[in-house]
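Note: the block below is run-v4.cif and it holds mmCIF, N, CA and C atoms.
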data_upload
loop_
_atom_site.group_PDB
_atom_site.id
_atom_site.type_symbol
_atom_site.label_atom_id
_atom_site.label_comp_id
_atom_site.auth_asym_id
_atom_site.auth_seq_id
_atom_site.Cartn_x
_atom_site.Cartn_y
_atom_site.Cartn_z
ATOM 1 N N MET A 1 -9.070 -35.037 24.352
ATOM 2 C CA MET A 1 -9.591 -34.017 23.461
ATOM 3 C C MET A 1 -9.175 -34.380 22.040
ATOM 4 N N LYS A 2 -10.120 -34.375 21.149
ATOM 5 C CA LYS A 2 -9.828 -34.683 19.753
ATOM 6 C C LYS A 2 -9.200 -33.478 19.080
ATOM 7 N N ARG A 3 -8.507 -33.740 17.975
ATOM 8 C CA ARG A 3 -7.793 -32.692 17.240
ATOM 9 C C ARG A 3 -8.704 -31.510 16.887
ATOM 10 N N GLU A 4 -9.889 -31.800 16.360
ATOM 11 C CA GLU A 4 -10.779 -30.695 15.961
ATOM 12 C C GLU A 4 -11.267 -29.918 17.180
ATOM 13 N N GLN A 5 -11.459 -30.589 18.314
ATOM 14 C CA GLN A 5 -11.843 -29.902 19.541
ATOM 15 C C GLN A 5 -10.722 -28.976 20.012
ATOM 16 N N PHE A 6 -9.476 -29.445 19.880
ATOM 17 C CA PHE A 6 -8.323 -28.638 20.257
ATOM 18 C C PHE A 6 -8.279 -27.357 19.427
ATOM 19 N N PHE A 7 -8.468 -27.490 18.106
ATOM 20 C CA PHE A 7 -8.437 -26.309 17.249
ATOM 21 C C PHE A 7 -9.632 -25.393 17.516
ATOM 22 N N GLN A 8 -10.769 -25.940 17.890
ATOM 23 C CA GLN A 8 -11.913 -25.112 18.274
ATOM 24 C C GLN A 8 -11.599 -24.340 19.553
ATOM 25 N N PHE A 9 -10.928 -24.992 20.509
ATOM 26 C CA PHE A 9 -10.512 -24.327 21.740
ATOM 27 C C PHE A 9 -9.574 -23.169 21.435
ATOM 28 N N LEU A 10 -8.570 -23.422 20.566
ATOM 29 C CA LEU A 10 -7.631 -22.359 20.201
ATOM 30 C C LEU A 10 -8.370 -21.199 19.554
ATOM 31 N N ASP A 11 -9.260 -21.490 18.628
ATOM 32 C CA ASP A 11 -10.010 -20.455 17.927
ATOM 33 C C ASP A 11 -10.889 -19.672 18.899
ATOM 34 N N ALA A 12 -11.558 -20.355 19.803
ATOM 35 C CA ALA A 12 -12.443 -19.686 20.767
ATOM 36 C C ALA A 12 -11.679 -18.764 21.706
ATOM 37 N N ASN A 13 -10.380 -19.053 21.940
ATOM 38 C CA ASN A 13 -9.565 -18.240 22.843
ATOM 39 C C ASN A 13 -8.642 -17.286 22.107
ATOM 40 N N GLY A 14 -8.842 -17.159 20.799
ATOM 41 C CA GLY A 14 -8.053 -16.201 20.017
ATOM 42 C C GLY A 14 -6.601 -16.576 19.861
ATOM 43 N N ILE A 15 -6.293 -17.875 19.875
ATOM 44 C CA ILE A 15 -4.914 -18.345 19.737
ATOM 45 C C ILE A 15 -4.719 -18.869 18.330
ATOM 46 N N ASN A 16 -3.686 -18.353 17.659
ATOM 47 C CA ASN A 16 -3.400 -18.731 16.284
ATOM 48 C C ASN A 16 -2.952 -20.191 16.221
ATOM 49 N N PRO A 17 -3.645 -21.054 15.479
ATOM 50 C CA PRO A 17 -3.276 -22.467 15.422
ATOM 51 C C PRO A 17 -2.137 -22.771 14.449
ATOM 52 N N GLU A 18 -1.708 -21.803 13.667
ATOM 53 C CA GLU A 18 -0.712 -22.058 12.629
ATOM 54 C C GLU A 18 0.710 -22.260 13.133
ATOM 55 N N PRO A 19 1.241 -21.405 14.027
ATOM 56 C CA PRO A 19 2.646 -21.563 14.401
ATOM 57 C C PRO A 19 2.881 -22.804 15.254
ATOM 58 N N GLY A 20 4.138 -23.008 15.616
ATOM 59 C CA GLY A 20 4.503 -24.181 16.396
ATOM 60 C C GLY A 20 4.024 -24.136 17.831
ATOM 61 N N CYS A 21 4.378 -25.167 18.546
ATOM 62 C CA CYS A 21 3.951 -25.368 19.928
ATOM 63 C C CYS A 21 4.340 -24.191 20.827
ATOM 64 N N ASN A 22 5.588 -23.736 20.755
ATOM 65 C CA ASN A 22 6.030 -22.636 21.608
ATOM 66 C C ASN A 22 5.223 -21.375 21.362
ATOM 67 N N GLN A 23 4.904 -21.095 20.113
ATOM 68 C CA GLN A 23 4.136 -19.886 19.829
ATOM 69 C C GLN A 23 2.732 -19.987 20.405
ATOM 70 N N ARG A 24 2.152 -21.164 20.350
ATOM 71 C CA ARG A 24 0.829 -21.360 20.959
ATOM 72 C C ARG A 24 0.890 -21.146 22.462
ATOM 73 N N ILE A 25 1.934 -21.680 23.088
ATOM 74 C CA ILE A 25 2.107 -21.509 24.531
ATOM 75 C C ILE A 25 2.286 -20.027 24.856
ATOM 76 N N MET A 26 3.120 -19.321 24.069
ATOM 77 C CA MET A 26 3.345 -17.893 24.316
ATOM 78 C C MET A 26 2.063 -17.093 24.110
ATOM 79 N N ASP A 27 1.282 -17.433 23.093
ATOM 80 C CA ASP A 27 -0.004 -16.754 22.885
ATOM 81 C C ASP A 27 -0.895 -16.915 24.105
ATOM 82 N N LEU A 28 -0.907 -18.110 24.667
ATOM 83 C CA LEU A 28 -1.719 -18.374 25.848
ATOM 84 C C LEU A 28 -1.204 -17.568 27.046
ATOM 85 N N TYR A 29 0.123 -17.558 27.269
ATOM 86 C CA TYR A 29 0.701 -16.788 28.373
ATOM 87 C C TYR A 29 0.381 -15.303 28.224
ATOM 88 N N GLN A 30 0.493 -14.784 26.990
ATOM 89 C CA GLN A 30 0.203 -13.370 26.756
ATOM 90 C C GLN A 30 -1.251 -13.064 27.044
ATOM 91 N N LYS A 31 -2.133 -13.962 26.655
ATOM 92 C CA LYS A 31 -3.561 -13.763 26.901
ATOM 93 C C LYS A 31 -3.868 -13.814 28.401
ATOM 94 N N LEU A 32 -3.245 -14.732 29.123
ATOM 95 C CA LEU A 32 -3.487 -14.876 30.558
ATOM 96 C C LEU A 32 -2.939 -13.709 31.373
ATOM 97 N N THR A 33 -1.769 -13.198 30.983
ATOM 98 C CA THR A 33 -1.105 -12.163 31.787
ATOM 99 C C THR A 33 -1.334 -10.752 31.272
ATOM 100 N N GLY A 34 -1.685 -10.621 29.997
ATOM 101 C CA GLY A 34 -1.804 -9.291 29.405
ATOM 102 C C GLY A 34 -0.444 -8.679 29.084
ATOM 103 N N GLN A 35 0.607 -9.466 29.196
ATOM 104 C CA GLN A 35 1.975 -8.991 28.931
ATOM 105 C C GLN A 35 2.459 -9.502 27.591
ATOM 106 N N THR A 36 3.340 -8.730 26.960
ATOM 107 C CA THR A 36 3.890 -9.157 25.671
ATOM 108 C C THR A 36 5.404 -9.319 25.702
ATOM 109 N N THR A 37 6.058 -8.813 26.744
ATOM 110 C CA THR A 37 7.516 -8.875 26.828
ATOM 111 C C THR A 37 7.931 -9.928 27.838
ATOM 112 N N PHE A 38 8.515 -11.004 27.341
ATOM 113 C CA PHE A 38 9.006 -12.096 28.182
ATOM 114 C C PHE A 38 10.498 -12.281 27.912
ATOM 115 N N GLU A 39 11.257 -12.570 28.942
ATOM 116 C CA GLU A 39 12.698 -12.830 28.835
ATOM 117 C C GLU A 39 13.075 -13.900 29.847
ATOM 118 N N THR A 40 14.261 -14.475 29.665
ATOM 119 C CA THR A 40 14.803 -15.404 30.648
ATOM 120 C C THR A 40 15.363 -14.605 31.820
ATOM 121 N N PHE A 41 15.723 -15.298 32.888
ATOM 122 C CA PHE A 41 16.328 -14.653 34.050
ATOM 123 C C PHE A 41 17.561 -13.853 33.630
ATOM 124 N N ASN A 42 18.460 -14.508 32.857
ATOM 125 C CA ASN A 42 19.678 -13.821 32.415
ATOM 126 C C ASN A 42 19.386 -12.734 31.389
ATOM 127 N N GLY A 43 18.321 -12.907 30.601
ATOM 128 C CA GLY A 43 17.931 -11.871 29.648
ATOM 129 C C GLY A 43 17.552 -10.581 30.353
ATOM 130 N N TRP A 44 16.768 -10.699 31.442
ATOM 131 C CA TRP A 44 16.408 -9.505 32.213
ATOM 132 C C TRP A 44 17.628 -8.919 32.896
ATOM 133 N N LYS A 45 18.514 -9.774 33.396
ATOM 134 C CA LYS A 45 19.724 -9.301 34.063
ATOM 135 C C LYS A 45 20.578 -8.466 33.113
ATOM 136 N N SER A 46 20.693 -8.907 31.861
ATOM 137 C CA SER A 46 21.489 -8.165 30.877
ATOM 138 C C SER A 46 20.837 -6.834 30.503
ATOM 139 N N LYS A 47 19.537 -6.690 30.788
ATOM 140 C CA LYS A 47 18.821 -5.443 30.511
ATOM 141 C C LYS A 47 18.721 -4.550 31.746
ATOM 142 N N GLY A 48 19.466 -4.917 32.808
ATOM 143 C CA GLY A 48 19.491 -4.084 34.007
ATOM 144 C C GLY A 48 18.294 -4.282 34.921
ATOM 145 N N ARG A 49 17.647 -5.437 34.843
ATOM 146 C CA ARG A 49 16.490 -5.722 35.687
ATOM 147 C C ARG A 49 16.712 -7.058 36.393
ATOM 148 N N LYS A 50 16.048 -7.248 37.511
ATOM 149 C CA LYS A 50 16.119 -8.535 38.210
ATOM 150 C C LYS A 50 14.711 -9.040 38.447
ATOM 151 N N VAL A 51 14.595 -10.354 38.517
ATOM 152 C CA VAL A 51 13.302 -10.982 38.776
ATOM 153 C C VAL A 51 13.006 -10.842 40.267
ATOM 154 N N LYS A 52 11.793 -10.418 40.581
ATOM 155 C CA LYS A 52 11.380 -10.258 41.979
ATOM 156 C C LYS A 52 11.368 -11.611 42.674
ATOM 157 N N LYS A 53 11.734 -11.603 43.945
ATOM 158 C CA LYS A 53 11.770 -12.827 44.734
ATOM 159 C C LYS A 53 10.376 -13.454 44.798
ATOM 160 N N GLY A 54 10.320 -14.770 44.606
ATOM 161 C CA GLY A 54 9.073 -15.509 44.722
ATOM 162 C C GLY A 54 8.249 -15.597 43.444
ATOM 163 N N GLU A 55 8.698 -14.965 42.360
ATOM 164 C CA GLU A 55 7.944 -15.012 41.102
ATOM 165 C C GLU A 55 8.074 -16.388 40.447
ATOM 166 N N SER A 56 7.024 -16.837 39.813
ATOM 167 C CA SER A 56 7.023 -18.116 39.107
ATOM 168 C C SER A 56 7.271 -17.888 37.620
ATOM 169 N N SER A 57 7.993 -18.800 37.018
ATOM 170 C CA SER A 57 8.330 -18.667 35.600
ATOM 171 C C SER A 57 7.243 -19.242 34.708
ATOM 172 N N PHE A 58 7.352 -18.936 33.437
ATOM 173 C CA PHE A 58 6.484 -19.480 32.396
ATOM 174 C C PHE A 58 7.355 -20.371 31.518
ATOM 175 N N PRO A 59 7.225 -21.703 31.627
ATOM 176 C CA PRO A 59 8.108 -22.598 30.872
ATOM 177 C C PRO A 59 7.693 -22.765 29.409
ATOM 178 N N ILE A 60 8.696 -22.832 28.551
ATOM 179 C CA ILE A 60 8.514 -23.187 27.143
ATOM 180 C C ILE A 60 9.673 -24.095 26.764
ATOM 181 N N PHE A 61 9.627 -24.671 25.579
ATOM 182 C CA PHE A 61 10.724 -25.512 25.111
ATOM 183 C C PHE A 61 11.850 -24.644 24.565
ATOM 184 N N SER A 62 13.091 -25.032 24.880
ATOM 185 C CA SER A 62 14.237 -24.327 24.309
ATOM 186 C C SER A 62 14.620 -25.003 22.996
ATOM 187 N N ARG A 63 15.731 -24.569 22.432
ATOM 188 C CA ARG A 63 16.216 -25.218 21.216
ATOM 189 C C ARG A 63 16.694 -26.632 21.547
ATOM 190 N N PRO A 64 16.846 -27.496 20.544
ATOM 191 C CA PRO A 64 17.297 -28.867 20.813
ATOM 192 C C PRO A 64 18.623 -28.885 21.582
ATOM 193 N N VAL A 65 18.760 -29.851 22.488
ATOM 194 C CA VAL A 65 19.932 -29.941 23.349
ATOM 195 C C VAL A 65 21.221 -30.052 22.539
ATOM 196 N N HIS A 66 21.221 -30.820 21.428
ATOM 197 C CA HIS A 66 22.460 -30.969 20.650
ATOM 198 C C HIS A 66 22.906 -29.628 20.054
ATOM 199 N N VAL A 67 21.975 -28.746 19.754
ATOM 200 C CA VAL A 67 22.319 -27.416 19.228
ATOM 201 C C VAL A 67 22.920 -26.559 20.343
ATOM 202 N N LEU A 68 22.321 -26.598 21.534
ATOM 203 C CA LEU A 68 22.838 -25.827 22.665
ATOM 204 C C LEU A 68 24.256 -26.259 23.033
ATOM 205 N N LYS A 69 24.509 -27.587 23.021
ATOM 206 C CA LYS A 69 25.851 -28.093 23.346
ATOM 207 C C LYS A 69 26.866 -27.642 22.310
ATOM 208 N N ALA A 70 26.499 -27.691 21.047
ATOM 209 C CA ALA A 70 27.412 -27.278 19.978
ATOM 210 C C ALA A 70 27.752 -25.797 20.105
ATOM 211 N N GLU A 71 26.771 -24.970 20.414
ATOM 212 C CA GLU A 71 27.023 -23.536 20.578
ATOM 213 C C GLU A 71 27.926 -23.272 21.775
ATOM 214 N N LYS A 72 27.710 -23.997 22.871
ATOM 215 C CA LYS A 72 28.521 -23.818 24.070
ATOM 216 C C LYS A 72 29.968 -24.211 23.809
ATOM 217 N N GLU A 73 30.166 -25.260 23.036
ATOM 218 C CA GLU A 73 31.511 -25.737 22.715
ATOM 219 C C GLU A 73 32.095 -25.019 21.502
ATOM 220 N N GLU A 74 31.353 -24.067 20.948
ATOM 221 C CA GLU A 74 31.777 -23.276 19.787
ATOM 222 C C GLU A 74 32.211 -24.162 18.621
ATOM 223 N N ARG A 75 31.379 -25.119 18.298
ATOM 224 C CA ARG A 75 31.640 -25.998 17.162
ATOM 225 C C ARG A 75 30.383 -26.016 16.289
ATOM 226 N N PRO A 76 30.539 -26.402 15.027
ATOM 227 C CA PRO A 76 29.362 -26.448 14.153
ATOM 228 C C PRO A 76 28.371 -27.519 14.614
ATOM 229 N N VAL A 77 27.125 -27.280 14.330
ATOM 230 C CA VAL A 77 26.077 -28.238 14.692
ATOM 231 C C VAL A 77 26.156 -29.419 13.740
ATOM 232 N N ASP A 78 26.241 -30.626 14.316
ATOM 233 C CA ASP A 78 26.275 -31.844 13.509
ATOM 234 C C ASP A 78 24.954 -32.023 12.793
ATOM 235 N N ASP A 79 24.951 -32.986 11.869
ATOM 236 C CA ASP A 79 23.687 -33.328 11.216
ATOM 237 C C ASP A 79 22.666 -33.689 12.284
ATOM 238 N N GLU A 80 21.433 -33.642 11.902
ATOM 239 C CA GLU A 80 20.361 -33.912 12.852
ATOM 240 C C GLU A 80 20.554 -35.289 13.476
ATOM 241 N N PRO A 81 20.503 -35.369 14.804
ATOM 242 C CA PRO A 81 20.641 -36.673 15.462
ATOM 243 C C PRO A 81 19.387 -37.525 15.250
ATOM 244 N N LYS A 82 19.528 -38.787 15.578
ATOM 245 C CA LYS A 82 18.394 -39.699 15.414
ATOM 246 C C LYS A 82 17.233 -39.286 16.321
ATOM 247 N N PHE A 83 17.551 -38.862 17.547
ATOM 248 C CA PHE A 83 16.528 -38.414 18.489
ATOM 249 C C PHE A 83 16.816 -36.973 18.873
ATOM 250 N N LYS A 84 15.761 -36.177 18.991
ATOM 251 C CA LYS A 84 15.912 -34.798 19.446
ATOM 252 C C LYS A 84 15.395 -34.695 20.869
ATOM 253 N N PHE A 85 16.175 -34.034 21.697
ATOM 254 C CA PHE A 85 15.760 -33.777 23.068
ATOM 255 C C PHE A 85 15.719 -32.274 23.270
ATOM 256 N N TYR A 86 14.676 -31.808 23.917
ATOM 257 C CA TYR A 86 14.509 -30.389 24.157
ATOM 258 C C TYR A 86 14.580 -30.104 25.651
ATOM 259 N N SER A 87 15.239 -29.039 25.964
ATOM 260 C CA SER A 87 15.319 -28.582 27.336
ATOM 261 C C SER A 87 14.152 -27.626 27.581
ATOM 262 N N ILE A 88 13.981 -27.209 28.815
ATOM 263 C CA ILE A 88 12.929 -26.251 29.150
ATOM 264 C C ILE A 88 13.580 -24.904 29.435
ATOM 265 N N CYS A 89 12.978 -23.871 28.914
ATOM 266 C CA CYS A 89 13.434 -22.498 29.109
ATOM 267 C C CYS A 89 12.389 -21.808 29.989
ATOM 268 N N HIS A 90 12.825 -21.077 30.991
ATOM 269 C CA HIS A 90 11.907 -20.409 31.911
ATOM 270 C C HIS A 90 11.893 -18.908 31.635
ATOM 271 N N LEU A 91 10.711 -18.385 31.380
ATOM 272 C CA LEU A 91 10.554 -16.975 31.038
ATOM 273 C C LEU A 91 9.807 -16.226 32.131
ATOM 274 N N PHE A 92 10.077 -14.923 32.201
ATOM 275 C CA PHE A 92 9.388 -14.029 33.123
ATOM 276 C C PHE A 92 8.946 -12.808 32.330
ATOM 277 N N HIS A 93 7.785 -12.228 32.684
ATOM 278 C CA HIS A 93 7.361 -11.013 32.005
ATOM 279 C C HIS A 93 7.818 -9.793 32.811
ATOM 280 N N ILE A 94 7.763 -8.640 32.191
ATOM 281 C CA ILE A 94 8.340 -7.426 32.765
ATOM 282 C C ILE A 94 7.737 -7.040 34.119
ATOM 283 N N GLU A 95 6.480 -7.352 34.361
ATOM 284 C CA GLU A 95 5.843 -7.030 35.641
ATOM 285 C C GLU A 95 6.408 -7.878 36.779
ATOM 286 N N GLN A 96 7.112 -8.940 36.444
ATOM 287 C CA GLN A 96 7.735 -9.794 37.466
ATOM 288 C C GLN A 96 9.144 -9.340 37.780
ATOM 289 N N THR A 97 9.567 -8.218 37.211
ATOM 290 C CA THR A 97 10.938 -7.741 37.399
ATOM 291 C C THR A 97 10.934 -6.352 38.005
ATOM 292 N N GLU A 98 12.136 -5.936 38.423
ATOM 293 C CA GLU A 98 12.339 -4.583 38.940
ATOM 294 C C GLU A 98 13.753 -4.148 38.563
ATOM 295 N N PRO A 99 14.006 -2.837 38.519
ATOM 296 C CA PRO A 99 15.359 -2.381 38.189
ATOM 297 C C PRO A 99 16.369 -2.873 39.223
ATOM 298 N N ILE A 100 17.585 -3.135 38.764
ATOM 299 C CA ILE A 100 18.649 -3.599 39.678
ATOM 300 C C ILE A 100 19.102 -2.442 40.531
#
Can you turn what I pasted into structure tokens?
Amino acid sequence: MKREQFFQFLDANGINPEPGCNQRIMDLYQKLTGQTTFETFNGWKSKGRKVKKGESSFPIFSRPVHVLKAEKEERPVDDEPKFKFYSICHLFHIEQTEPI
């Protein structure tokens, strides 16, 4: 698919082409599910909800791995590394959860 075809696809499906990749993915997930509230497994757990057994997640990119490691080790983030690696974050919408 050529670049202009991609932007035509986004426009035809009501997806904003301006924000980054994750926002485009989230726009698509919201359009497909009709849901606007997405959280991680632990995010729902902290809100007193659990993900229903057998539900599938909606993957997006997380923050760069070097940033996540620095936060976990409680140290400042070093200058940008030569290569950036991104982990995957798995999200669930509220209809996939139930109260604990």
Open item on the list: Can you spell out as a VMD selection string the set of residues that the PyMOL selection byres (((chain A and resi 57-71 and name CA) around 12) and name CA) selects in the structure I just provided?
Closed with: chain A and resid 20 to 30 32 to 33 35 38 to 41 51 to 56 72 to 97
Task: Those in stretch 7-95 of chain A with helix (DSSP H, G or I) from DSSP, as an NGL selection string - done: :A and (7-12 or 21-33 or 41-46 or 65-72 or 94-95)
TODO: as a list in words, please: all residues of stretch 14-95 of chain A that backbone DSSP puts in strand (DSSP E).
DONE: Phe38, Glu39, Thr40, Arg49, Lys50, Val51, Phe58, Pro59, Ile60, Phe61, Ser62, Arg63, Pro64, Tyr86, Ser87, Ile88, Cys89, His90, Leu91, Phe92 and His93 of chain A
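Across the model, the gap from atom N of A:Phe6 to atom C of A:Thr37 is 27.3 Å.
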Open item on the list: Between atom C of A:Glu98 and atom CA of A:Thr36, what is the distance in Å, rounded to a tenth?
Closed with: 17.0 Å
Six-sided padding of 3 Å per side, axis-aligned box over stretch 49-54 of chain A, centre and edges in Å, one decimal, as AutoDock Vina command-line options:
--center_x 12.9 --center_y -10.5 --center_z 39.8 --size_x 15.4 --size_y 16.2 --size_z 16.0
Hey, what comes out of the PyMOL selection byres (((chain A and resi 49 and name CA) around 6) and name CA) on this file? Could you write it as a PDB file with N, CA and C atoms, in the frame of the given file?
ATOM      1  N   TRP A  44      16.768 -10.699  31.442  1.00  0.00           N
ATOM      2  CA  TRP A  44      16.408  -9.505  32.213  1.00  0.00           C
ATOM      3  C   TRP A  44      17.628  -8.919  32.896  1.00  0.00           C
ATOM      4  N   LYS A  45      18.514  -9.774  33.396  1.00  0.00           N
ATOM      5  CA  LYS A  45      19.724  -9.301  34.063  1.00  0.00           C
ATOM      6  C   LYS A  45      20.578  -8.466  33.113  1.00  0.00           C
ATOM      7  N   LYS A  47      19.537  -6.690  30.788  1.00  0.00           N
ATOM      8  CA  LYS A  47      18.821  -5.443  30.511  1.00  0.00           C
ATOM      9  C   LYS A  47      18.721  -4.550  31.746  1.00  0.00           C
ATOM     10  N   GLY A  48      19.466  -4.917  32.808  1.00  0.00           N
ATOM     11  CA  GLY A  48      19.491  -4.084  34.007  1.00  0.00           C
ATOM     12  C   GLY A  48      18.294  -4.282  34.921  1.00  0.00           C
ATOM     13  N   LYS A  50      16.048  -7.248  37.511  1.00  0.00           N
ATOM     14  CA  LYS A  50      16.119  -8.535  38.210  1.00  0.00           C
ATOM     15  C   LYS A  50      14.711  -9.040  38.447  1.00  0.00           C
ATOM     16  N   GLU A  98      12.136  -5.936  38.423  1.00  0.00           N
ATOM     17  CA  GLU A  98      12.339  -4.583  38.940  1.00  0.00           C
ATOM     18  C   GLU A  98      13.753  -4.148  38.563  1.00  0.00           C
ATOM     19  N   PRO A  99      14.006  -2.837  38.519  1.00  0.00           N
ATOM     20  CA  PRO A  99      15.359  -2.381  38.189  1.00  0.00           C
ATOM     21  C   PRO A  99      16.369  -2.873  39.223  1.00  0.00           C
ATOM     22  N   ILE A 100      17.585  -3.135  38.764  1.00  0.00           N
ATOM     23  CA  ILE A 100      18.649  -3.599  39.678  1.00  0.00           C
ATOM     24  C   ILE A 100      19.102  -2.442  40.531  1.00  0.00           C
TER      25      ILE A 100
END
